[in-house]
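Read through the structure below, which is laid out as structure tokens, and then see the notes.
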2 protein chains.
Amino acid sequence: MAEDRTGQVAVMFVSERTGDDPHGYSAAADAMDALAAQQPGYRGIDSVSAGGLGITLSYWADEASAVAWRHHPEHAATREAGRGRWYKWYRLHVADIRRSYSWMRE
Amino acid sequence: MAEDRTGQVAVMFVSERTGDDPHGYSAAADAMDALAAQQPGYRGIDSVSAGGLGITLSYWADEASAVAWRHHPEHAATREAGRGRWYKWYRLHVADIRRSYSWMRE
């Protein structure tokens with residue numbers, strides 16, 4: 001919870017879904033989440049979606065592990081097969097985390 | 001929509017709300033969004049919340065403008081006054097965007 005992510009690489013994925021093929025989307029999203037978590041350098045994920053809009057943050061140990069996940073064959077194939085069906089648009093930003101704060105209610 | 005954010009600073013705010021004081025929270029959130037948009041170096045925002053969880057990404061021209069917003073007196077006062085009432089916890093990561101992609105359905 002109170003993890004300090006300084007030095008990690010964050011991949012910010014902001015999207016709007018079409019609403020088509022919801023079962024196919026959910027199955028693929030679950031499979032990709034599970035596969036990502038097995039990759040070297042994976043450091044976690046935060047994800048929220050509502051009303052078709054979604055933001056997913058995935059965290060990686062370094063640039064190399066973030067790029068390796070992008071090029072993972074199963075991930076790339078799923079992305080190519082599904083994006084035209086599932087998404088109206090998406091934007092993706094890759095960033096180096098320079099500092100982290102956290103706060104928790106006492 | 002297809003903005004390239006390379007070189008911008010992203011502030012990732014991941015939170016879980018208490019659910020207390022929803023009207024006070026909404027009013028403060030709206031006021032802070034409007035105030036942020038007036039700050040020098042403001043470059044936009046993406047925000048999704050569902051079931052008490054929220055992710056807000058704010059984008060800034062550079063480190064100095066992100067820090068200035070953090071220290072803005074009205075922003076700081078609102079944060080201090082409200083966080084113990086509105087949030088169970090939050091985490092915040094500040095990062096330098098090294099590349100951006102976007103995709104849109106044709």
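Scheme for the structure tokens: letters A, B, ... for chains in order shown; per-chain residue numbers from 1; ligand numbers from 1 in order shown.
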Exercise for the section: Pick out the chain A residues within 9 Å of chain B. Count only C-alpha atoms. Give them as a ChimeraX atom specification. Expected result: /A:1-6,9-10,12,14,46-50,53-57,83-85,87-106
Exercise for the section: Find, counting only C-alpha atoms, the residue in A:Arg17, A:Glu74, A:Ala64, A:Trp69 that gets nearest to Ala31 in chain A. Expected result: A:Glu74
Among chain B, which ones does DSSP assign to strand (DSSP E) (computed from the backbone)? Answer as a PDB file with C-alpha atoms, in the first residue's frame.
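Dumped to part28.pdb:
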```pdb
ATOM      1  CA  VAL B   9       5.265  15.844 -16.120  1.00  0.00           C
ATOM      2  CA  ALA B  10       2.444  13.532 -15.026  1.00  0.00           C
ATOM      3  CA  VAL B  11       1.040  13.492 -11.511  1.00  0.00           C
ATOM      4  CA  MET B  12      -0.732  10.170 -10.854  1.00  0.00           C
ATOM      5  CA  PHE B  13      -3.181  10.311  -7.963  1.00  0.00           C
ATOM      6  CA  VAL B  14      -4.651   6.955  -6.923  1.00  0.00           C
ATOM      7  CA  SER B  15      -7.145   7.054  -4.056  1.00  0.00           C
ATOM      8  CA  GLU B  16      -9.867   5.306  -2.132  1.00  0.00           C
ATOM      9  CA  ARG B  17     -12.590   7.498  -0.725  1.00  0.00           C
ATOM     10  CA  TYR B  42      -1.325  23.145 -16.809  1.00  0.00           C
ATOM     11  CA  ARG B  43      -1.643  20.718 -19.725  1.00  0.00           C
ATOM     12  CA  GLY B  44      -4.784  18.733 -18.955  1.00  0.00           C
ATOM     13  CA  ILE B  45      -6.339  16.049 -16.815  1.00  0.00           C
ATOM     14  CA  ASP B  46      -7.729  12.528 -17.136  1.00  0.00           C
ATOM     15  CA  SER B  47      -9.845  11.178 -14.306  1.00  0.00           C
ATOM     16  CA  VAL B  48     -11.959   8.081 -13.662  1.00  0.00           C
ATOM     17  CA  SER B  49     -13.613   6.971 -10.444  1.00  0.00           C
ATOM     18  CA  ALA B  50     -15.841   4.050  -9.571  1.00  0.00           C
ATOM     19  CA  LEU B  53     -11.582   4.108  -6.134  1.00  0.00           C
ATOM     20  CA  GLY B  54     -10.216   6.885  -8.286  1.00  0.00           C
ATOM     21  CA  ILE B  55      -7.314   7.597 -10.582  1.00  0.00           C
ATOM     22  CA  THR B  56      -6.597  11.155 -11.666  1.00  0.00           C
ATOM     23  CA  LEU B  57      -3.743  12.017 -13.997  1.00  0.00           C
ATOM     24  CA  SER B  58      -2.812  15.667 -14.246  1.00  0.00           C
ATOM     25  CA  TYR B  59      -0.281  16.825 -16.799  1.00  0.00           C
ATOM     26  CA  TRP B  60       2.108  19.754 -16.446  1.00  0.00           C
ATOM     27  CA  TYR B  87      -9.935   9.605   1.779  1.00  0.00           C
ATOM     28  CA  LYS B  88      -9.079   6.251   3.275  1.00  0.00           C
ATOM     29  CA  TRP B  89      -5.734   6.454   1.555  1.00  0.00           C
ATOM     30  CA  TYR B  90      -4.064   7.870  -1.475  1.00  0.00           C
ATOM     31  CA  ARG B  91      -0.845   7.413  -3.356  1.00  0.00           C
ATOM     32  CA  LEU B  92       0.762   9.941  -5.623  1.00  0.00           C
ATOM     33  CA  HIS B  93       3.518   9.432  -8.162  1.00  0.00           C
ATOM     34  CA  VAL B  94       5.222  12.213 -10.100  1.00  0.00           C
ATOM     35  CA  ALA B  95       6.827  11.146 -13.355  1.00  0.00           C
ATOM     36  CA  ASP B  96       8.536  12.451 -16.463  1.00  0.00           C
ATOM     37  CA  ILE B  97       6.800  11.307 -19.638  1.00  0.00           C
ATOM     38  CA  ARG B  98       9.355   9.912 -22.024  1.00  0.00           C
ATOM     39  CA  ARG B  99       6.992   8.915 -24.816  1.00  0.00           C
ATOM     40  CA  SER B 100       3.316   8.931 -25.797  1.00  0.00           C
ATOM     41  CA  TYR B 101       1.243   6.941 -28.237  1.00  0.00           C
ATOM     42  CA  SER B 102      -2.342   7.312 -29.221  1.00  0.00           C
ATOM     43  CA  TRP B 103      -4.715   5.318 -31.316  1.00  0.00           C
ATOM     44  CA  MET B 104      -8.177   6.076 -32.593  1.00  0.00           C
TER      45      MET B 104
END
```
Practice task
Would you mind writing down, as a PyMOL selection string, each residue of chain A that DSSP on the backbone assigns to helix (DSSP H, G or I)?
Solution key: chain A and resi 22-37+63-71+73-86
Exercise for the section: Within 10 Å of Ala68 in chain B, counting only C-alpha atoms, which residues show up once you throw out same-chain ones fewer than 3 positions away? Write them as JSON, numbers by chain, please. Expected result: {"B": [39, 40, 41, 63, 64, 65, 71, 72, 73]}
Selection export as a PDB file, in the first residue's frame, atoms kept: N, CA, C and O atoms:
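The result, stored in out_12.pdb:
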```
ATOM      1  N   GLN B  39      -3.771  27.361 -13.829  1.00  0.00           N
ATOM      2  CA  GLN B  39      -2.373  27.519 -13.412  1.00  0.00           C
ATOM      3  C   GLN B  39      -1.426  27.528 -14.616  1.00  0.00           C
ATOM      4  O   GLN B  39      -1.650  26.812 -15.597  1.00  0.00           O
ATOM      5  N   PRO B  40      -0.346  28.288 -14.509  1.00  0.00           N
ATOM      6  CA  PRO B  40       0.669  28.248 -15.573  1.00  0.00           C
ATOM      7  C   PRO B  40       1.223  26.831 -15.702  1.00  0.00           C
ATOM      8  O   PRO B  40       1.480  26.164 -14.687  1.00  0.00           O
ATOM      9  N   GLY B  41       1.371  26.382 -16.916  1.00  0.00           N
ATOM     10  CA  GLY B  41       1.948  25.063 -17.141  1.00  0.00           C
ATOM     11  C   GLY B  41       0.957  23.919 -17.100  1.00  0.00           C
ATOM     12  O   GLY B  41       1.334  22.777 -17.356  1.00  0.00           O
ATOM     13  N   GLU B  63       8.393  20.245 -14.269  1.00  0.00           N
ATOM     14  CA  GLU B  63       8.455  19.977 -12.838  1.00  0.00           C
ATOM     15  C   GLU B  63       8.043  21.199 -12.008  1.00  0.00           C
ATOM     16  O   GLU B  63       7.300  21.084 -11.031  1.00  0.00           O
ATOM     17  N   ALA B  64       8.513  22.374 -12.415  1.00  0.00           N
ATOM     18  CA  ALA B  64       8.236  23.576 -11.630  1.00  0.00           C
ATOM     19  C   ALA B  64       6.735  23.861 -11.550  1.00  0.00           C
ATOM     20  O   ALA B  64       6.221  24.247 -10.493  1.00  0.00           O
ATOM     21  N   SER B  65       6.024  23.679 -12.657  1.00  0.00           N
ATOM     22  CA  SER B  65       4.591  23.979 -12.623  1.00  0.00           C
ATOM     23  C   SER B  65       3.828  22.930 -11.806  1.00  0.00           C
ATOM     24  O   SER B  65       2.852  23.252 -11.119  1.00  0.00           O
ATOM     25  N   HIS B  71       1.902  23.406  -4.159  1.00  0.00           N
ATOM     26  CA  HIS B  71       2.072  24.396  -3.097  1.00  0.00           C
ATOM     27  C   HIS B  71       1.096  25.563  -3.188  1.00  0.00           C
ATOM     28  O   HIS B  71       1.156  26.475  -2.361  1.00  0.00           O
ATOM     29  N   HIS B  72       0.218  25.547  -4.182  1.00  0.00           N
ATOM     30  CA  HIS B  72      -0.765  26.628  -4.298  1.00  0.00           C
ATOM     31  C   HIS B  72      -1.551  26.718  -2.985  1.00  0.00           C
ATOM     32  O   HIS B  72      -2.083  25.721  -2.506  1.00  0.00           O
ATOM     33  N   PRO B  73      -1.659  27.921  -2.390  1.00  0.00           N
ATOM     34  CA  PRO B  73      -2.251  28.027  -1.054  1.00  0.00           C
ATOM     35  C   PRO B  73      -3.663  27.445  -0.948  1.00  0.00           C
ATOM     36  O   PRO B  73      -3.971  26.748   0.025  1.00  0.00           O
TER      37      PRO B  73
END
```
